[in-house]
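Undergrad: Following this line is upload.csv, made up of CSV, C-alpha atoms and all ligand atoms:
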```csv
chain,number,residue,atom,x,y,z
R,1,MET,CA,-13.2,2.2,1.4
R,2,GLU,CA,-11.5,5.3,2.6
R,3,ALA,CA,-9.4,5.6,-0.5
R,4,THR,CA,-6.7,7.9,0.7
R,5,GLU,CA,-6.3,6.5,4.2
R,6,THR,CA,-5.5,3.0,3.0
R,7,LEU,CA,-3.6,3.7,-0.2
R,8,ILE,CA,-0.7,1.4,-0.8
R,9,GLU,CA,1.8,2.1,-3.6
R,10,ASN,CA,3.0,-0.8,-5.7
R,11,TYR,CA,0.2,-3.0,-4.5
R,12,GLY,CA,-0.3,-4.6,-7.9
R,13,ILE,CA,1.4,-5.3,-11.3
R,14,LEU,CA,-0.1,-5.1,-14.7
R,15,ALA,CA,1.9,-7.3,-17.1
R,16,SER,CA,1.2,-8.5,-20.6
R,17,MET,CA,1.4,-11.9,-22.2
R,18,SER,CA,1.1,-13.3,-25.7
R,19,TRP,CA,-2.4,-14.0,-27.1
R,20,ASN,CA,-3.9,-17.5,-26.7
R,21,SER,CA,-7.1,-18.4,-28.6
R,22,ASN,CA,-7.6,-21.3,-26.2
R,23,LYS,CA,-8.2,-19.1,-23.1
R,24,TRP,CA,-4.6,-19.7,-21.9
R,25,ALA,CA,-5.6,-23.3,-21.0
R,26,GLY,CA,-3.9,-25.1,-23.8
R,27,ASP,CA,-1.6,-24.7,-26.8
R,28,PRO,CA,-1.9,-21.5,-28.7
R,29,SER,CA,-3.1,-21.6,-32.3
R,30,LYS,CA,-0.7,-21.4,-35.2
R,31,GLU,CA,-2.0,-17.9,-36.0
R,32,ASP,CA,-1.5,-16.9,-32.3
R,33,LEU,CA,2.2,-17.8,-32.6
R,34,GLY,CA,2.6,-16.3,-36.1
R,35,ARG,CA,1.1,-13.0,-35.1
R,36,SER,CA,2.7,-12.6,-31.6
R,37,LYS,CA,4.4,-9.3,-31.1
R,38,TYR,CA,7.1,-11.0,-29.0
R,39,THR,CA,10.3,-11.7,-30.8
R,40,TYR,CA,10.9,-14.8,-28.6
R,41,VAL,CA,7.6,-16.3,-29.6
R,42,GLN,CA,8.1,-15.6,-33.3
R,43,ASN,CA,11.6,-17.2,-33.2
R,44,LYS,CA,10.8,-20.3,-31.1
R,45,LEU,CA,7.1,-20.7,-32.0
R,46,HIS,CA,6.5,-21.3,-28.3
R,47,THR,CA,4.7,-19.4,-25.5
R,48,HIS,CA,5.5,-20.2,-21.9
R,49,GLU,CA,2.2,-18.5,-20.9
R,50,SER,CA,0.0,-21.1,-22.7
R,51,LEU,CA,-1.3,-22.7,-19.5
R,52,ASN,CA,-1.6,-19.5,-17.4
R,53,PHE,CA,-5.3,-19.9,-16.7
R,54,GLY,CA,-5.4,-23.7,-16.8
R,55,HIS,CA,-5.2,-23.8,-13.0
R,56,GLU,CA,-8.5,-25.7,-12.8
R,57,ILE,CA,-7.5,-28.3,-15.4
R,58,TYR,CA,-3.8,-29.0,-14.7
R,59,PRO,CA,-2.1,-30.1,-11.5
R,60,SER,CA,-0.5,-27.7,-9.1
R,61,GLU,CA,2.9,-28.2,-7.6
R,62,GLU,CA,3.7,-30.0,-4.4
R,63,ASP,CA,3.6,-26.8,-2.4
R,64,GLY,CA,0.0,-26.1,-3.7
R,65,TYR,CA,1.1,-23.3,-6.1
R,66,TYR,CA,0.1,-23.2,-9.7
R,67,ILE,CA,2.8,-21.8,-12.0
R,68,GLY,CA,2.2,-19.1,-14.7
R,69,TYR,CA,4.4,-16.9,-16.9
R,70,THR,CA,4.6,-13.3,-18.2
R,71,PRO,CA,7.5,-12.2,-20.5
R,72,MET,CA,7.4,-8.9,-18.7
R,73,LEU,CA,8.9,-10.4,-15.5
R,74,ARG,CA,11.6,-12.3,-17.2
R,75,LYS,CA,14.0,-9.8,-15.7
R,76,PRO,CA,13.0,-9.8,-12.0
R,77,PRO,CA,11.7,-6.5,-10.7
R,78,ALA,CA,13.6,-4.7,-7.9
R,79,PHE,CA,12.8,-6.3,-4.6
R,80,ASP,CA,12.4,-3.1,-2.6
R,81,LYS,CA,9.8,-1.8,-5.1
R,82,SER,CA,7.9,-5.0,-5.6
R,83,SER,CA,7.8,-6.6,-2.2
R,84,SER,CA,4.4,-5.0,-1.5
R,85,VAL,CA,2.8,-6.5,-4.6
R,86,LYS,CA,-0.2,-8.6,-3.8
R,87,ILE,CA,-1.7,-9.1,-7.2
R,88,ILE,CA,-0.5,-9.5,-10.8
R,89,PHE,CA,-3.0,-8.8,-13.5
R,90,LEU,CA,-2.3,-10.4,-16.9
R,91,SER,CA,-3.2,-8.5,-20.1
R,92,SER,CA,-2.9,-9.4,-23.8
R,93,SER,CA,-3.5,-7.7,-27.1
R,94,ASP,CA,-6.2,-9.2,-29.2
R,95,TYR,CA,-4.8,-9.2,-32.8
R,96,LYS,CA,-8.2,-10.4,-34.1
R,97,ASN,CA,-9.8,-7.1,-32.9
R,98,SER,CA,-7.4,-4.4,-34.0
R,99,ASN,CA,-5.0,-5.3,-31.1
R,100,ARG,CA,-7.3,-3.9,-28.4
R,101,LYS,CA,-5.8,-4.5,-25.0
R,102,LEU,CA,-7.6,-6.8,-22.5
R,103,ILE,CA,-7.1,-7.7,-18.9
R,104,ILE,CA,-7.6,-11.5,-18.9
R,105,GLY,CA,-7.4,-12.3,-15.2
R,106,PHE,CA,-5.0,-12.2,-12.2
R,107,TYR,CA,-2.8,-14.1,-9.8
R,108,GLY,CA,-3.6,-13.1,-6.2
R,109,ASN,CA,-1.0,-13.3,-3.5
R,110,PRO,CA,1.6,-14.2,-6.1
R,111,GLU,CA,5.2,-15.2,-5.7
R,112,PHE,CA,7.6,-14.0,-8.4
R,113,GLY,CA,11.1,-12.7,-9.0
R,114,GLN,CA,12.6,-16.0,-10.0
R,115,GLU,CA,12.0,-19.0,-12.3
R,116,PHE,CA,9.8,-21.8,-11.1
R,117,PRO,CA,10.2,-25.2,-12.7
R,118,ARG,CA,7.0,-27.3,-13.2
R,119,LEU,CA,7.8,-30.6,-11.4
R,120,SER,CA,4.2,-32.0,-11.4
R,121,LYS,CA,3.4,-34.6,-14.0
R,122,HIS,CA,1.3,-33.8,-17.0
R,123,ARG,CA,1.8,-34.5,-20.7
R,124,LEU,CA,1.8,-30.8,-21.5
R,125,PHE,CA,4.3,-29.9,-18.7
R,126,ARG,CA,7.1,-31.4,-20.9
R,127,LYS,CA,6.5,-28.6,-23.3
R,128,TYR,CA,5.5,-26.0,-20.8
R,129,ASP,CA,8.1,-26.8,-18.2
R,130,GLY,CA,8.1,-23.7,-15.9
R,131,GLY,CA,7.2,-20.0,-15.4
R,132,ASN,CA,8.0,-17.0,-13.3
R,133,ILE,CA,4.9,-16.3,-11.3
R,134,LYS,CA,2.9,-18.6,-9.0
R,135,ALA,CA,-0.2,-18.5,-6.8
R,136,LEU,CA,-2.6,-20.8,-5.2
R,137,PRO,CA,-5.4,-21.9,-7.6
R,138,GLU,CA,-8.0,-20.4,-5.4
R,139,ASP,CA,-6.3,-17.0,-5.8
R,140,ILE,CA,-6.1,-17.3,-9.6
R,141,ILE,CA,-9.1,-15.8,-11.4
R,142,TYR,CA,-9.9,-15.8,-15.1
R,143,PHE,CA,-12.3,-13.2,-16.5
R,144,ASP,CA,-14.7,-14.9,-19.0
R,145,LYS,CA,-15.5,-11.4,-20.1
R,146,PRO,CA,-12.1,-9.6,-20.2
R,147,LEU,CA,-11.7,-5.9,-19.4
R,148,VAL,CA,-10.9,-3.7,-22.3
R,149,ILE,CA,-8.3,-1.0,-21.5
R,150,SER,CA,-6.7,1.8,-23.4
R,151,ASN,CA,-4.5,4.7,-22.5
R,152,GLU,CA,-7.6,6.9,-22.5
R,153,SER,CA,-9.6,4.6,-20.2
R,154,VAL,CA,-6.7,4.0,-17.7
R,155,ALA,CA,-6.3,7.8,-17.3
R,156,LYS,CA,-10.0,8.6,-17.1
R,157,GLU,CA,-11.0,5.8,-14.8
R,158,GLY,CA,-8.0,5.6,-12.6
R,159,LEU,CA,-6.8,2.2,-13.5
R,160,LEU,CA,-3.1,3.2,-13.4
R,161,PRO,CA,-1.3,5.7,-11.1
R,162,GLU,CA,-1.8,9.2,-12.3
R,163,GLY,CA,0.1,10.3,-15.4
R,164,LYS,CA,1.1,6.7,-16.3
R,165,LEU,CA,0.5,5.0,-19.7
R,166,ILE,CA,0.2,1.3,-20.3
R,167,SER,CA,3.8,0.0,-20.5
R,168,GLN,CA,4.7,-1.3,-23.9
R,169,ARG,CA,8.0,-3.0,-23.1
R,170,GLY,CA,7.7,-3.7,-19.4
R,171,PHE,CA,5.0,-3.8,-16.8
R,172,ASN,CA,3.1,-1.2,-14.7
R,173,TYR,CA,2.9,-0.9,-11.0
R,174,LEU,CA,-0.6,-0.2,-9.6
R,175,ASN,CA,-1.6,1.3,-6.3
R,176,SER,CA,-4.2,-0.3,-4.1
R,177,ASP,CA,-6.9,2.0,-5.5
R,178,ASN,CA,-6.0,1.2,-9.1
R,179,VAL,CA,-6.3,-2.5,-8.2
R,180,TYR,CA,-9.7,-2.0,-6.6
R,181,THR,CA,-11.0,-0.1,-9.6
R,182,ILE,CA,-9.9,-2.8,-12.0
R,183,LEU,CA,-11.5,-5.5,-9.8
R,184,LEU,CA,-14.8,-3.6,-9.6
R,185,GLN,CA,-14.9,-3.1,-13.4
R,186,ALA,CA,-14.1,-6.8,-13.9
R,187,GLN,CA,-16.7,-7.7,-11.4
R,188,SER,CA,-19.4,-5.7,-13.2
R,189,LEU,CA,-18.6,-7.6,-16.4
R,190,ASN,CA,-18.5,-11.0,-14.7
R,191,GLN,CA,-21.3,-10.9,-12.2
R,192,GLN,CA,-21.8,-14.6,-12.1
R,193,ASN,CA,-18.1,-15.2,-11.1
R,194,HIS,CA,-18.5,-16.1,-7.5
R,195,LYS,CA,-14.8,-16.5,-6.9
R,196,LEU,CA,-14.3,-12.9,-8.1
R,197,ASN,CA,-17.2,-11.6,-6.1
R,198,ALA,CA,-15.8,-13.1,-2.9
R,199,TYR,CA,-12.3,-11.7,-3.8
R,200,VAL,CA,-13.7,-8.2,-4.4
R,201,LYS,CA,-15.8,-8.3,-1.2
R,202,ASN,CA,-12.7,-9.1,0.9
R,203,TYR,CA,-10.4,-6.7,-0.9
R,204,PRO,CA,-10.8,-3.5,1.3
R,205,ILE,CA,-10.2,-5.5,4.4
R,206,ARG,CA,-7.1,-7.1,3.0
R,207,VAL,CA,-5.7,-3.7,2.0
R,208,ALA,CA,-6.4,-2.3,5.5
R,209,GLU,CA,-4.7,-5.3,7.1
R,210,THR,CA,-1.7,-5.0,4.8
R,211,LYS,CA,-1.4,-1.3,5.6
R,212,GLU,CA,-1.8,-1.9,9.3
R,213,GLN,CA,0.9,-4.6,9.3
R,214,ALA,CA,3.3,-2.5,7.3
R,215,THR,CA,2.7,0.5,9.5
R,216,SER,CA,3.4,-1.4,12.7
R,217,GLU,CA,6.4,-3.1,11.3
R,218,ASP,CA,7.9,0.2,10.2
R,219,TYR,CA,7.0,1.8,13.5
R,220,TYR,CA,8.6,-1.0,15.6
R,221,ASN,CA,11.7,-1.0,13.4
R,222,ALA,CA,12.0,2.8,13.8
R,223,ILE,CA,11.7,2.7,17.6
R,224,SER,CA,13.4,-0.6,18.3
R,225,ASP,CA,16.8,0.9,19.1
R,226,ALA,CA,15.7,4.5,19.7
R,227,ASP,CA,14.6,6.1,22.9
R,228,ALA,CA,12.3,9.0,23.5
R,229,ASP,CA,13.8,9.6,26.9
R,230,THR,CA,16.8,11.7,25.9
R,231,LEU,CA,17.0,14.7,23.5
R,232,LYS,CA,19.7,12.8,21.6
R,233,GLY,CA,17.4,9.8,21.1
R,234,ILE,CA,14.7,12.1,19.8
R,235,LEU,CA,17.1,13.7,17.4
R,236,GLU,CA,17.9,10.2,16.1
R,237,LEU,CA,14.2,9.4,15.6
R,238,GLU,CA,13.8,12.7,13.7
R,239,LYS,CA,16.4,11.5,11.2
R,240,LYS,CA,14.8,8.1,10.8
R,241,MET,CA,11.4,9.6,10.2
R,242,ALA,CA,12.2,11.1,6.9
R,243,LYS,CA,11.7,7.8,5.1
R,244,GLN,CA,8.5,6.9,6.9
R,245,THR,CA,4.8,7.2,5.8
R,246,PRO,CA,2.6,9.8,7.5
R,247,GLU,CA,0.9,7.0,9.6
R,248,VAL,CA,4.3,5.8,10.9
R,249,ARG,CA,5.4,9.4,11.7
R,250,GLN,CA,2.2,9.9,13.7
R,251,ARG,CA,2.9,6.8,15.7
R,252,ILE,CA,6.5,7.9,16.4
R,253,ALA,CA,5.1,11.2,17.6
R,254,SER,CA,2.8,9.5,20.1
R,255,PHE,CA,5.7,7.3,21.2
R,256,ILE,CA,7.6,10.5,22.1
R,257,GLU,CA,4.5,12.1,23.7
R,258,ARG,CA,4.5,9.2,26.1
R,259,GLY,CA,8.3,9.2,26.8
R,260,ALA,CA,10.5,10.6,29.6
R,261,ILE,CA,11.1,13.9,27.8
R,262,SER,CA,7.4,14.4,27.8
R,263,SER,CA,7.3,13.7,31.5
R,264,LYS,CA,9.9,16.4,32.0
R,265,VAL,CA,7.8,18.8,29.9
R,266,LYS,CA,4.8,18.0,32.0
R,267,LYS,CA,6.7,18.8,35.2
R,268,LEU,CA,8.0,22.1,33.6
R,269,THR,CA,4.4,23.3,32.9
R,270,GLY,CA,3.2,22.2,36.3
R,271,TYR,CA,0.8,19.6,34.8
R,272,LYS,CA,-1.4,22.4,33.5
R,273,CYS,CA,-3.3,22.6,30.2
R,274,LEU,CA,-1.8,25.6,28.6
R,275,ILE,CA,-4.9,26.3,26.6
R,276,CYS,CA,-7.2,26.2,29.6
R,277,ASP,CA,-4.7,28.4,31.4
R,278,SER,CA,-4.7,31.0,28.7
R,279,LEU,CA,-8.6,30.9,28.6
R,280,LYS,CA,-8.5,31.6,32.4
R,281,GLU,CA,-10.2,28.2,32.9
R,282,ASN,CA,-9.2,25.6,35.5
R,283,PRO,CA,-6.0,24.2,33.9
R,284,TYR,CA,-6.0,21.0,36.0
R,285,SER,CA,-7.6,17.7,35.1
R,286,PHE,CA,-8.2,14.9,37.6
R,287,LYS,CA,-5.6,13.6,39.9
R,288,LYS,CA,-3.9,10.3,39.1
R,289,PRO,CA,-3.2,7.7,41.9
R,290,ASN,CA,0.4,9.0,42.2
R,291,GLY,CA,-0.9,12.5,43.0
R,292,ASP,CA,0.1,14.2,39.7
R,293,PHE,CA,-2.6,15.8,37.6
R,294,TYR,CA,-3.4,14.0,34.4
R,295,ILE,CA,-2.1,15.9,31.4
R,296,GLU,CA,-1.1,15.1,27.8
R,297,THR,CA,1.6,16.4,25.6
R,298,HIS,CA,1.1,17.5,22.0
R,299,HIS,CA,3.3,18.4,19.1
R,300,VAL,CA,2.2,21.8,17.9
R,301,GLU,CA,3.7,21.6,14.4
R,302,GLN,CA,2.5,18.4,12.8
R,303,VAL,CA,5.2,15.8,13.0
R,304,SER,CA,4.4,14.8,9.4
R,305,THR,CA,5.9,18.1,8.1
R,306,LEU,CA,9.3,16.7,9.1
R,307,ASN,CA,10.5,20.2,9.7
R,308,LYS,CA,13.7,20.4,11.7
R,309,GLY,CA,13.1,20.3,15.4
R,310,VAL,CA,9.6,19.1,15.0
R,311,LEU,CA,10.1,16.3,17.6
R,312,GLY,CA,12.0,18.7,19.9
R,313,ILE,CA,11.0,20.0,23.2
R,314,ASN,CA,10.0,23.4,22.1
R,315,ASN,CA,7.4,22.0,19.7
R,316,LEU,CA,5.7,20.3,22.6
R,317,ILE,CA,2.9,21.8,24.7
R,318,THR,CA,0.9,20.3,27.5
R,319,VAL,CA,-2.9,20.1,27.1
R,320,CYS,CA,-5.9,18.5,28.7
R,321,ALA,CA,-7.4,15.5,26.9
R,322,ASN,CA,-10.3,17.6,25.7
R,323,HIS,CA,-8.1,20.3,24.2
R,324,HIS,CA,-5.8,17.6,22.8
R,325,ARG,CA,-8.7,16.1,20.8
R,326,GLN,CA,-9.8,19.6,19.7
R,327,LEU,CA,-6.3,20.4,18.4
R,328,HIS,CA,-6.3,17.2,16.3
R,329,TYR,CA,-9.9,17.0,15.2
R,330,GLY,CA,-11.6,20.3,16.0
R,331,ASP,CA,-11.7,23.8,14.7
R,332,SER,CA,-8.2,24.9,15.6
R,333,LEU,CA,-5.4,26.5,13.6
R,334,LEU,CA,-1.8,27.5,14.4
R,335,VAL,CA,-1.7,31.0,13.1
R,336,GLU,CA,1.7,32.2,14.3
R,337,ARG,CA,4.9,30.7,15.6
R,338,THR,CA,7.9,32.5,16.9
R,339,ALA,CA,11.0,31.1,18.7
R,340,THR,CA,9.3,31.7,22.0
R,341,SER,CA,5.5,31.4,21.5
R,342,PHE,CA,2.6,30.0,19.5
R,343,LYS,CA,-0.6,31.7,18.5
R,344,PHE,CA,-3.7,29.5,17.9
R,345,LYS,CA,-7.1,30.2,16.7
R,346,ILE,CA,-9.5,27.8,18.5
R,347,ASP,CA,-13.2,28.1,18.0
R,348,GLY,CA,-12.7,31.6,16.7
R,349,LYS,CA,-10.7,32.8,19.8
R,350,THR,CA,-7.0,33.7,19.5
R,351,ILE,CA,-4.8,32.1,22.2
R,352,LYS,CA,-1.2,32.7,22.8
R,353,ILE,CA,1.0,30.1,24.5
R,354,ASP,CA,4.6,30.5,25.5
R,355,ALA,CA,6.9,27.8,24.2
R,356,ILE,CA,8.5,25.5,26.8
R,357,LYS,CA,12.1,26.2,27.7
R,358,ILE,CA,14.5,23.8,29.3
R,359,PRO,CA,15.7,25.6,32.4
G,401,ZN,ZN,-7.5,22.4,28.2
G,402,ZN,ZN,-1.2,15.6,19.8
```
What does the file become when written as structure tokens?
TA:
Amino acid sequence: MEATETLIENYGILASMSWNSNKWAGDPSKEDLGRSKYTYVQNKLHTHESLNFGHEIYPSEEDGYYIGYTPMLRKPPAFDKSSSVKIIFLSSSDYKNSNRKLIIGFYGNPEFGQEFPRLSKHRLFRKYDGGNIKALPEDIIYFDKPLVISNESVAKEGLLPEGKLISQRGFNYLNSDNVYTILLQAQSLNQQNHKLNAYVKNYPIRVAETKEQATSEDYYNAISDADADTLKGILELEKKMAKQTPEVRQRIASFIERGAISSKVKKLTGYKCLICDSLKENPYSFKKPNGDFYIETHHVEQVSTLNKGVLGINNLITVCANHHRQLHYGDSLLVERTATSFKFKIDGKTIKIDAIKIP
């Protein structure tokens, strides 16, 4: 997995629950209740999370979901922060082993943010009548061998976002790389868990799909009522871009490179590649059916910098397809920029290009 390209923030949650000596598939022991660190449990001698990993024993609800609980989500997390969460890991402190912290399993593709009553019929459901997370049983995975974590290990192995400690009173958000690292470690401890193996195998694809979907949605939202055909429209886009991810900004840039302003720019430079021109090479590509030479526009200063005017006309140059690729992927560097010109170093040669002016 290309870690940095597909990184999604707030992709997972790590939340704790009270200890259960019956693998969270039945009543906790008296000692579990007595030694719980949660005040609620001590007062009521009850844990809503008792059946969290009983998804293969107890019935699901009518909609197919199985309900679980974590005290850490009793207060629902902010929607704008948590709407990208695709997995909730559940951890617990093992009081029998000097309170070491363990990740016990997870709910994949969960729903959360409200209370869910258990409406299915089971004797134990009278006592454990609801929860605040739910997932399909096939996406709920219990680790027979739980993963031991500590503040040292999460920092060293990248199980939490950089600089974060395991939350004591709430929960932690995890990015998609943290989630993957936890899954891989759990997998190496539970190699016979076929459900987990399948989940881990599909994980990078799912992350890429989620990222792709989010990127196109953000992109279409940004351009939906914008136009790249007027300078005013481009100015609007520039404002909207501040909130976008680098991937979305890049797409907005290509949207503009294809728009009417870009056609104007092409006309102004006479459909020439300005780099070929300055190298005294043939600046024209092939002719299109309409008789114009084929040419592309390029934003000199990277759109992702969000510098003022970055989408504007005097940040655009026209280049042939070959030089366009080289500017993006080859050995090229913008070494100087003035109000009226750009200086590039391309393959060791210095090239000066005049900025485009609207006549
Ligand atoms: Zn060229
Ligand atoms: Zn470009």
Undergrad: With only C-alpha atoms as the atoms that count, which of R:Gln114, R:Ser50, R:Ser263, R:Thr6 lies nearest to R:Phe79?
TA: R:Gln114
Undergrad: Mind listing the residues within 10 Å of ligand ZN 401 (chain G), all atoms listed in the file counted, as number ranges by chain?
TA: R: 272-279, 281-285, 295-296, 318-326
Undergrad: Name the residues in contact with stretch 180-188 of chain R at a cut-off of 7 Å, using all atoms listed in the file, excluding same-chain residues fewer than 6 positions from it; report them as a list in words.
TA: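 Everything that qualifies: Leu147, Leu159, Leu196, Asn197 and Val200 of chain R.
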Undergrad: Output C-alpha atoms for every residue in that selection, as a JSON list (two decimals), in the coordinates of the input.
TA:
```json
[["chain", "number", "residue", "atom", "x", "y", "z"],
["R", 147, "LEU", "CA", -11.70, -5.90, -19.40],
["R", 159, "LEU", "CA", -6.80, 2.20, -13.50],
["R", 196, "LEU", "CA", -14.30, -12.90, -8.10],
["R", 197, "ASN", "CA", -17.20, -11.60, -6.10],
["R", 200, "VAL", "CA", -13.70, -8.20, -4.40]]
```
Undergrad: Using all atoms listed in the file, which protein or nucleic acid residues are at most 7 Å from ligand ZN 402 (chain G), as JSON, numbers by chain?
TA: {"R": [297, 298, 299, 324, 328]}
Undergrad: What is the distance, in Å and to one decimal place, between atom CA of R:Gly309 and atom CA of R:Leu235?
TA: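 Taking atom CA of R:Gly309 and atom CA of R:Leu235, their separation equals 8.0 Å.
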Undergrad: Could you check which of R:Asn193, R:Asn20, R:Ser60, R:Asn43 is closest to R:Ser91, using all atoms listed in the file?
TA: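 Among R:Asn193, R:Asn20, R:Ser60, R:Asn43, it is R:Asn20 that comes nearest to R:Ser91.
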Undergrad: For R:Phe171, which residue among R:Asp354, R:Lys349, R:Glu257, R:Phe89 is the nearest when counting all atoms listed in the file?
TA: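 Of the candidates, the smallest distance to R:Phe171 is held by R:Phe89.
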Undergrad: Separation of atom CA of R:Glu111 and atom CA of R:Pro137, in Å?
TA: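 About the pair atom CA of R:Glu111 and atom CA of R:Pro137: they are 12.7 Å apart.
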Undergrad: What does the structure give for the distance between atom CA of R:Phe106 and atom CA of R:Gly34, in Å to one decimal?
TA: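 Here the two named atoms are 25.4 Å from each other.
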Undergrad: I need the residue nearest R:Glu247 from this list: R:Glu162, R:Asp292, R:Gly130, R:Ile8. Use all atoms listed in the file for the distance.
TA: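 That would be R:Ile8, the residue with the smallest distance to R:Glu247.
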Undergrad: Got a sec: who's within 10 Å of R:Asn22, counting only C-alpha atoms, leaving out chain neighbours fewer than 3 positions off, as a ChimeraX atom specification?
TA: /R:19,25-29,32,50-51,53-54
Undergrad: Compute the distance from (9.2, 10.7, 23.6) to each atom, counting all atoms listed in the file, keep the residues with any atom at most 9 Å away, and return them as a PyMOL selection string; use the coordinates of the file.
TA: chain R and resi 227-231+233-234+252-263+311
